[in-house]
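Listing of model39.cif; format and content: mmCIF, C-alpha atoms.
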```cif
data_coords
loop_
_atom_site.label_atom_id
_atom_site.label_comp_id
_atom_site.auth_asym_id
_atom_site.auth_seq_id
_atom_site.Cartn_x
_atom_site.Cartn_y
_atom_site.Cartn_z
CA MET A 1 147.11 143.47 108.34
CA LEU A 2 150.38 142.62 106.58
CA ALA A 3 152.18 142.42 109.92
CA THR A 4 149.49 140.10 111.26
CA ARG A 5 149.77 137.78 108.24
CA THR A 6 153.55 137.73 108.58
CA LEU A 7 153.29 136.83 112.27
CA LEU A 8 150.79 134.03 111.55
CA SER A 9 153.02 132.66 108.78
CA GLN A 10 156.01 132.67 111.12
CA GLN A 11 153.98 130.89 113.81
CA THR A 12 152.75 128.26 111.32
CA VAL A 13 156.29 127.56 110.10
CA ALA A 14 157.49 127.29 113.69
CA VAL A 15 154.79 124.74 114.54
CA LEU A 16 155.34 122.63 111.42
CA SER A 17 159.10 122.66 111.92
CA ARG A 18 158.61 120.90 115.25
CA GLN A 19 156.46 118.12 113.73
CA PRO A 20 157.62 114.97 111.92
CA ALA A 21 157.14 115.40 108.19
CA CYS A 22 154.79 112.40 108.04
CA CYS A 23 152.21 114.20 110.18
CA VAL A 24 150.95 116.12 107.17
CA HIS A 25 150.07 112.82 105.44
CA HIS A 26 147.33 111.37 107.61
CA GLY A 27 145.93 108.02 106.53
CA ASP A 28 142.32 107.22 105.76
CA TYR A 29 141.51 105.21 108.86
CA GLY A 30 142.45 104.71 112.47
CA ASN A 31 143.37 106.94 115.36
CA TRP A 32 146.62 108.54 114.17
CA GLY A 33 149.52 107.18 116.20
CA ASN A 34 147.31 105.23 118.59
CA THR A 35 146.50 102.10 116.58
CA ASN A 36 148.90 99.34 117.60
CA VAL A 37 149.28 96.36 115.25
CA ALA A 38 151.11 93.07 115.78
CA LEU A 39 152.90 91.64 112.74
CA VAL A 40 153.67 87.92 112.66
CA PHE A 41 156.61 86.74 110.54
CA SER A 42 157.88 83.25 109.73
CA GLY A 43 161.41 83.87 108.50
CA CYS A 44 162.74 85.95 105.62
CA GLY A 45 162.14 84.93 102.01
CA TRP A 46 159.24 83.77 99.85
CA TRP A 47 160.32 80.12 99.62
CA ASP A 48 161.08 79.44 103.30
CA GLY A 49 159.67 82.30 105.38
CA THR A 50 157.82 85.61 105.05
CA ASP A 51 157.89 87.17 101.61
CA VAL A 52 160.10 90.27 101.69
CA HIS A 53 157.76 92.39 99.57
CA GLU A 54 154.65 91.47 101.55
CA GLY A 55 156.37 92.18 104.84
CA VAL A 56 157.78 95.54 103.74
CA TYR A 57 154.61 96.65 101.94
CA THR A 58 152.62 95.91 105.09
CA MET A 59 154.93 98.01 107.25
CA TYR A 60 154.90 100.83 104.70
CA HIS A 61 151.09 101.00 104.59
CA LEU A 62 150.80 100.78 108.37
CA SER A 63 153.20 103.69 108.65
CA ARG A 64 151.36 105.65 105.96
CA ASN A 65 148.07 105.15 107.80
CA GLY A 66 149.46 106.24 111.15
CA ALA A 67 149.72 102.90 112.93
CA ARG A 68 152.39 101.72 115.33
CA PHE A 69 153.48 98.12 114.94
CA GLN A 70 155.54 95.45 116.64
CA MET A 71 157.08 92.44 114.89
CA PHE A 72 156.90 88.87 116.21
CA ALA A 73 158.11 85.44 115.10
CA PRO A 74 158.43 82.01 116.71
CA ASN A 75 161.77 81.50 118.44
CA GLN A 76 162.25 78.11 116.78
CA GLN A 77 164.03 76.51 113.85
CA GLN A 78 162.35 76.86 110.46
CA MET A 79 161.53 73.79 108.37
CA HIS A 80 164.51 74.28 106.06
CA VAL A 81 166.52 76.93 104.23
CA MET A 82 165.88 77.38 100.52
CA ASP A 83 168.27 78.44 97.79
CA HIS A 84 166.05 81.13 96.27
CA MET A 85 167.82 80.90 92.90
CA LYS A 86 167.63 77.13 92.50
CA LYS A 87 164.42 76.84 94.55
CA GLN A 88 165.92 73.88 96.37
CA PRO A 89 166.62 73.21 100.08
CA ILE A 90 170.18 73.80 101.24
CA SER A 91 171.41 70.77 103.13
CA GLY A 92 173.03 71.31 106.53
CA ASP A 93 171.80 74.91 106.92
CA ASN A 94 169.46 75.37 109.90
CA ARG A 95 168.08 78.80 110.80
CA ASN A 96 165.93 80.28 113.53
CA MET A 97 162.66 81.93 112.42
CA MET A 98 163.01 84.80 114.86
CA MET A 99 166.60 85.54 113.87
CA GLU A 100 165.76 85.41 110.17
CA SER A 101 162.67 87.60 110.63
CA ALA A 102 164.82 90.17 112.43
CA ARG A 103 166.19 91.10 109.00
CA PHE A 104 163.00 93.14 108.59
CA HIS A 105 163.82 95.59 111.36
CA HIS A 106 166.43 98.34 111.54
CA GLY A 107 167.69 97.79 115.05
CA GLN A 108 165.62 100.33 116.97
CA VAL A 109 164.90 98.96 120.45
CA LYS A 110 161.14 99.46 120.20
CA ARG A 111 160.99 97.74 116.81
CA GLN A 112 163.15 94.70 117.48
CA MET A 113 161.72 91.29 116.70
CA GLN A 114 160.04 89.62 119.67
CA ASP A 115 159.20 86.03 120.48
CA LEU A 116 155.68 85.15 119.30
CA SER A 117 155.04 83.45 122.64
CA SER A 118 155.11 86.91 124.26
CA LEU A 119 152.39 88.41 122.05
CA ASP A 120 149.57 89.60 124.34
CA VAL A 121 146.29 90.37 122.59
CA ASN A 122 145.50 93.00 125.22
CA ASN A 123 148.39 95.16 124.00
CA PHE A 124 147.28 95.36 120.35
CA ASP A 125 144.34 96.53 118.26
CA ALA A 126 144.90 94.14 115.35
CA VAL A 127 147.20 91.43 114.00
CA ILE A 128 148.50 90.91 110.45
CA PHE A 129 150.18 87.86 108.93
CA PRO A 130 152.12 88.63 105.71
CA GLY A 131 152.42 85.64 103.38
CA GLY A 132 155.17 83.44 102.04
CA HIS A 133 155.91 79.71 102.18
CA GLY A 134 156.75 80.08 105.86
CA ILE A 135 152.97 79.98 106.38
CA VAL A 136 152.78 76.39 105.12
CA LYS A 137 156.22 75.25 106.31
CA ASN A 138 156.86 77.00 109.64
CA LEU A 139 153.58 78.35 111.03
CA SER A 140 151.64 75.23 110.06
CA SER A 141 152.18 71.68 108.85
CA PHE A 142 150.24 72.30 105.63
CA MET A 143 153.23 71.41 103.45
CA LYS A 144 153.10 67.90 104.91
CA ASP A 145 149.50 67.41 106.02
CA GLY A 146 147.45 69.54 103.64
CA LYS A 147 143.90 70.38 104.76
CA ASP A 148 144.42 68.32 107.95
CA CYS A 149 147.37 70.45 109.02
CA LYS A 150 148.10 71.64 112.53
CA LEU A 151 149.10 75.19 113.36
CA HIS A 152 152.03 76.31 115.46
CA ASN A 153 150.66 76.54 119.02
CA ASP A 154 151.23 80.29 119.36
CA VAL A 155 149.80 80.99 115.90
CA GLU A 156 146.60 79.17 116.82
CA ARG A 157 146.47 80.94 120.18
CA VAL A 158 146.95 84.39 118.65
CA LEU A 159 144.30 83.88 115.97
CA LYS A 160 141.74 82.60 118.46
CA GLU A 161 142.46 85.35 120.99
CA PHE A 162 142.13 88.18 118.47
CA HIS A 163 138.97 86.62 117.06
CA HIS A 164 137.48 86.13 120.54
CA SER A 165 138.35 89.76 121.37
CA SER A 166 136.66 90.95 118.15
CA LYS A 167 139.90 92.51 116.93
CA PRO A 168 140.70 92.49 113.19
CA ILE A 169 142.99 89.95 111.55
CA GLY A 170 144.81 90.79 108.29
CA LEU A 171 146.04 88.00 106.01
CA ALA A 172 148.08 88.08 102.80
CA SER A 173 148.61 85.41 100.09
CA MET A 174 148.88 81.99 101.83
CA ALA A 175 148.08 83.26 105.34
CA PRO A 176 144.26 82.90 105.06
CA LEU A 177 144.60 79.13 105.38
CA LEU A 178 145.75 79.66 108.99
CA ALA A 179 142.49 81.37 109.89
CA CYS A 180 140.43 78.87 107.91
CA ARG A 181 141.90 76.02 109.95
CA VAL A 182 140.88 77.38 113.37
CA LEU A 183 138.06 79.92 112.85
CA PRO A 184 134.64 78.49 111.91
CA SER A 185 132.77 79.73 108.81
CA VAL A 186 135.31 82.40 107.95
CA GLU A 187 135.31 84.14 104.55
CA VAL A 188 138.62 84.75 102.75
CA THR A 189 140.19 85.33 99.38
CA MET A 190 143.31 83.74 97.99
CA GLY A 191 142.71 85.04 94.48
CA HIS A 192 141.41 82.93 91.63
CA GLU A 193 140.16 79.34 91.88
CA ARG A 194 141.64 78.28 88.54
CA ASP A 195 145.13 78.78 87.14
CA GLU A 196 144.19 81.24 84.42
CA LYS A 197 147.50 82.03 82.75
CA THR A 198 147.74 85.37 81.00
CA ASN A 199 150.47 87.69 79.77
CA TRP A 200 150.18 89.48 83.13
CA GLY A 201 150.65 86.48 85.43
CA ASN A 202 149.13 83.23 86.63
CA TRP A 203 147.71 81.49 89.72
CA PRO A 204 149.81 78.37 90.49
CA GLN A 205 148.59 77.79 94.10
CA THR A 206 144.94 76.94 93.44
CA ASN A 207 145.34 73.70 95.43
CA MET A 208 145.40 75.87 98.56
CA VAL A 209 142.09 77.42 97.57
CA GLU A 210 140.53 73.98 97.38
CA ALA A 211 142.06 73.14 100.75
CA VAL A 212 140.54 76.14 102.56
CA LYS A 213 137.15 75.37 101.03
CA SER A 214 137.43 71.82 102.36
CA MET A 215 138.16 73.30 105.81
CA GLY A 216 134.68 74.85 105.76
CA ALA A 217 135.64 78.37 104.72
CA ARG A 218 133.90 80.42 102.05
CA HIS A 219 136.30 81.48 99.32
CA VAL A 220 135.70 84.69 97.33
CA VAL A 221 137.49 85.33 94.03
CA ARG A 222 139.46 88.58 94.04
CA GLU A 223 142.19 90.21 91.95
CA PRO A 224 145.70 90.76 93.44
CA TYR A 225 145.01 94.45 94.07
CA GLU A 226 141.72 93.73 95.87
CA THR A 227 140.72 92.51 99.31
CA HIS A 228 137.85 90.60 100.80
CA VAL A 229 136.46 91.77 104.13
CA ASP A 230 134.60 89.33 106.37
CA GLU A 231 132.84 91.99 108.43
CA LYS A 232 131.32 89.50 110.86
CA ASN A 233 134.61 87.84 111.79
CA LYS A 234 136.74 90.95 111.18
CA VAL A 235 139.04 89.01 108.86
CA VAL A 236 140.60 90.90 105.94
CA SER A 237 142.49 89.04 103.21
CA THR A 238 144.23 89.86 99.93
CA PRO A 239 145.65 87.46 97.28
CA SER A 240 149.02 89.17 97.02
CA PHE A 241 151.66 86.80 95.62
CA MET A 242 149.24 83.92 95.20
CA TRP A 243 149.30 85.66 91.82
CA GLU A 244 152.65 84.95 90.21
CA THR A 245 153.97 87.88 88.20
CA ASP A 246 157.39 88.95 87.01
CA TYR A 247 156.88 92.71 86.86
CA HIS A 248 153.51 93.95 88.13
CA TYR A 249 154.38 94.32 91.80
CA HIS A 250 152.35 97.51 92.10
CA TYR A 251 149.19 95.39 92.10
CA ILE A 252 150.51 93.52 95.14
CA PHE A 253 151.44 96.81 96.79
CA ASP A 254 147.92 98.16 96.23
CA GLY A 255 146.25 94.98 97.48
CA ILE A 256 148.19 95.02 100.73
CA GLY A 257 147.43 98.72 101.07
CA ASN A 258 143.71 97.99 100.81
CA MET A 259 144.03 95.19 103.36
CA VAL A 260 145.80 97.47 105.83
CA LYS A 261 143.21 100.23 105.42
CA HIS A 262 140.36 97.84 106.16
CA VAL A 263 142.20 96.42 109.18
CA MET A 264 142.62 99.98 110.44
CA ARG A 265 138.95 100.73 109.80
CA LEU A 266 137.79 97.67 111.70
CA SER A 267 140.17 98.38 114.58
CA SER A 268 138.51 101.74 115.13
CA LYS A 269 135.02 100.23 115.53
#
```

Target format structure tokens, applied to this file:
Amino acid sequence: MLATRTLLSQQTVAVLSRQPACCVHHGDYGNWGNTNVALVFSGCGWWDGTDVHEGVYTMYHLSRNGARFQMFAPNQQQMHVMDHMKKQPISGDNRNMMMESARFHHGQVKRQMQDLSSLDVNNFDAVIFPGGHGIVKNLSSFMKDGKDCKLHNDVERVLKEFHHSSKPIGLASMAPLLACRVLPSVEVTMGHERDEKTNWGNWPQTNMVEAVKSMGARHVVREPYETHVDEKNKVVSTPSFMWETDYHYHYIFDGIGNMVKHVMRLSSK
């Protein structure tokens, strides 16, 4: 009996030693290793592109839940480059969205940033748009045109194709306004509808909430660590950094984690 137990232990160790360590941490949803998600970026930085935290948190939670992912961005100039300390545009500095977004990857060939124009809905199970001001400056004309904004052609195409294919769409912070502009009767959350300042944080972007409501969308109040799931349209949204906080980033982390889990759940239906 002892010899048998020893042999089984040796065999178990041998098997586990050949597996990546992450394989013992299966996520809650999805077909492990077979769910393929497209991520759409708009630059690198909260004030002129994709928020760094939202982008990284999304990739972390996708990895934790066993998904594969590919990053995309438009191969075009962004609206402007912001000094993130002064929160002012830097004159004479022009940058490409795809090149800036490439800061999110680590150089592996399979993970390199790709042109958004090449995103084929047939190759993916879901799409996620992390937030940041690139949503309103680069992926749409919201910064200039408000509720009457136009979307980048490939952004509109991607949203409509995933929706038409009944594949889930994940949206963080400002990104829900993209879906609200082109998908009829969609339900989203962008957090609170009033700027209720507390010791924990505040909600300075409530004008965007009013804008999406004027686009015909239904807005649902949620906390930064929560999500809203539009089961009918397979649209999952979380407020993320629509809530402005100096220290409580773990709430944002948890909210994006919940969004990713629901996207994974819907992709397996």

The PyMOL selection byres ((chain A and resi 129) around 8) - which residues does that actually catch in the file I just gave you? List them as a list in words. Leu39, Val40, Phe41, Val127, Ile128, Pro130, Gly131, Ile169, Gly170, Leu171, Ala172 and Ala175 of chain A

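Interatomic distance, CA of Gly201 (chain A) to CA of Ser240 (chain A): 12.0 Å.
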
List the spatial neighbours of region 113-120 of chain A as a ChimeraX atom specification - criterion: any atom at most 12 Å away, only C-alpha atoms, same-chain residues fewer than 3 positions off excluded. /A:36-43,69-76,96-110,123-127,139,152-159,161-162,165

Among listed residues A:Phe241, A:Glu187, A:Ser91, A:Val121, nearest Trp47 (chain A) (using only C-alpha atoms):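 Closest residue, counting only C-alpha atoms: A:Phe241.
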
Evaluate the PyMOL selection byres ((chain A and resi 263) around 10) against this structure - the residues, as a ChimeraX atom specification, please. /A:29-30,37,62,125-128,167-171,229,234-237,257-262,264-268

Would you list the residues near (164.6, 77.4, 101.8) (no more than 12 Å away, in the coordinates of the file, using all atoms listed in the file) as a count of residues only? 35

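For the choices A:His250, A:Ala179, A:Pro224, A:Arg194, the atom-to-atom distance to Lys150 (chain A) is smallest for A:Ala179 when using only C-alpha atoms.
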
Between A:Met208, A:Leu183, A:Leu178, A:Val52, which is the closest to Asp195 (chain A) once you count all atoms listed in the file?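 Looking only at the distances to Asp195 (chain A), the closest residue turns out to be A:Met208.
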
What separates CA of Gln112 (chain A) and CA of Ser173 (chain A) is a distance of 24.5 Å

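Of note, CA of Asn65 (chain A) and CA of His164 (chain A) are spaced 25.2 Å apart.
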
Given the file above and the PyMOL selection byres ((chain A and resi 148) around 12), which residues are selected, and can you give them as a list in words?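 Those residues are Val136, Ser140, Ser141, Phe142, Met143, Lys144, Asp145, Gly146, Lys147, Cys149, Lys150, Leu151, Leu177, Leu178, Cys180, Arg181, Val182, Ala211, Val212, Ser214, Met215 and Gly216 of chain A.
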
Looking at A:Asn233, A:Thr189, A:Val220, A:Thr245, which one is nearest to Trp203 (chain A), with distances taken over only C-alpha atoms?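 That would be A:Thr245, the residue with the smallest distance to Trp203 (chain A).
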
Between A:Arg64, A:Thr35, A:Tyr225, A:His219, smallest distance to Ile252 (chain A) by all atoms listed in the file belongs to A:Tyr225
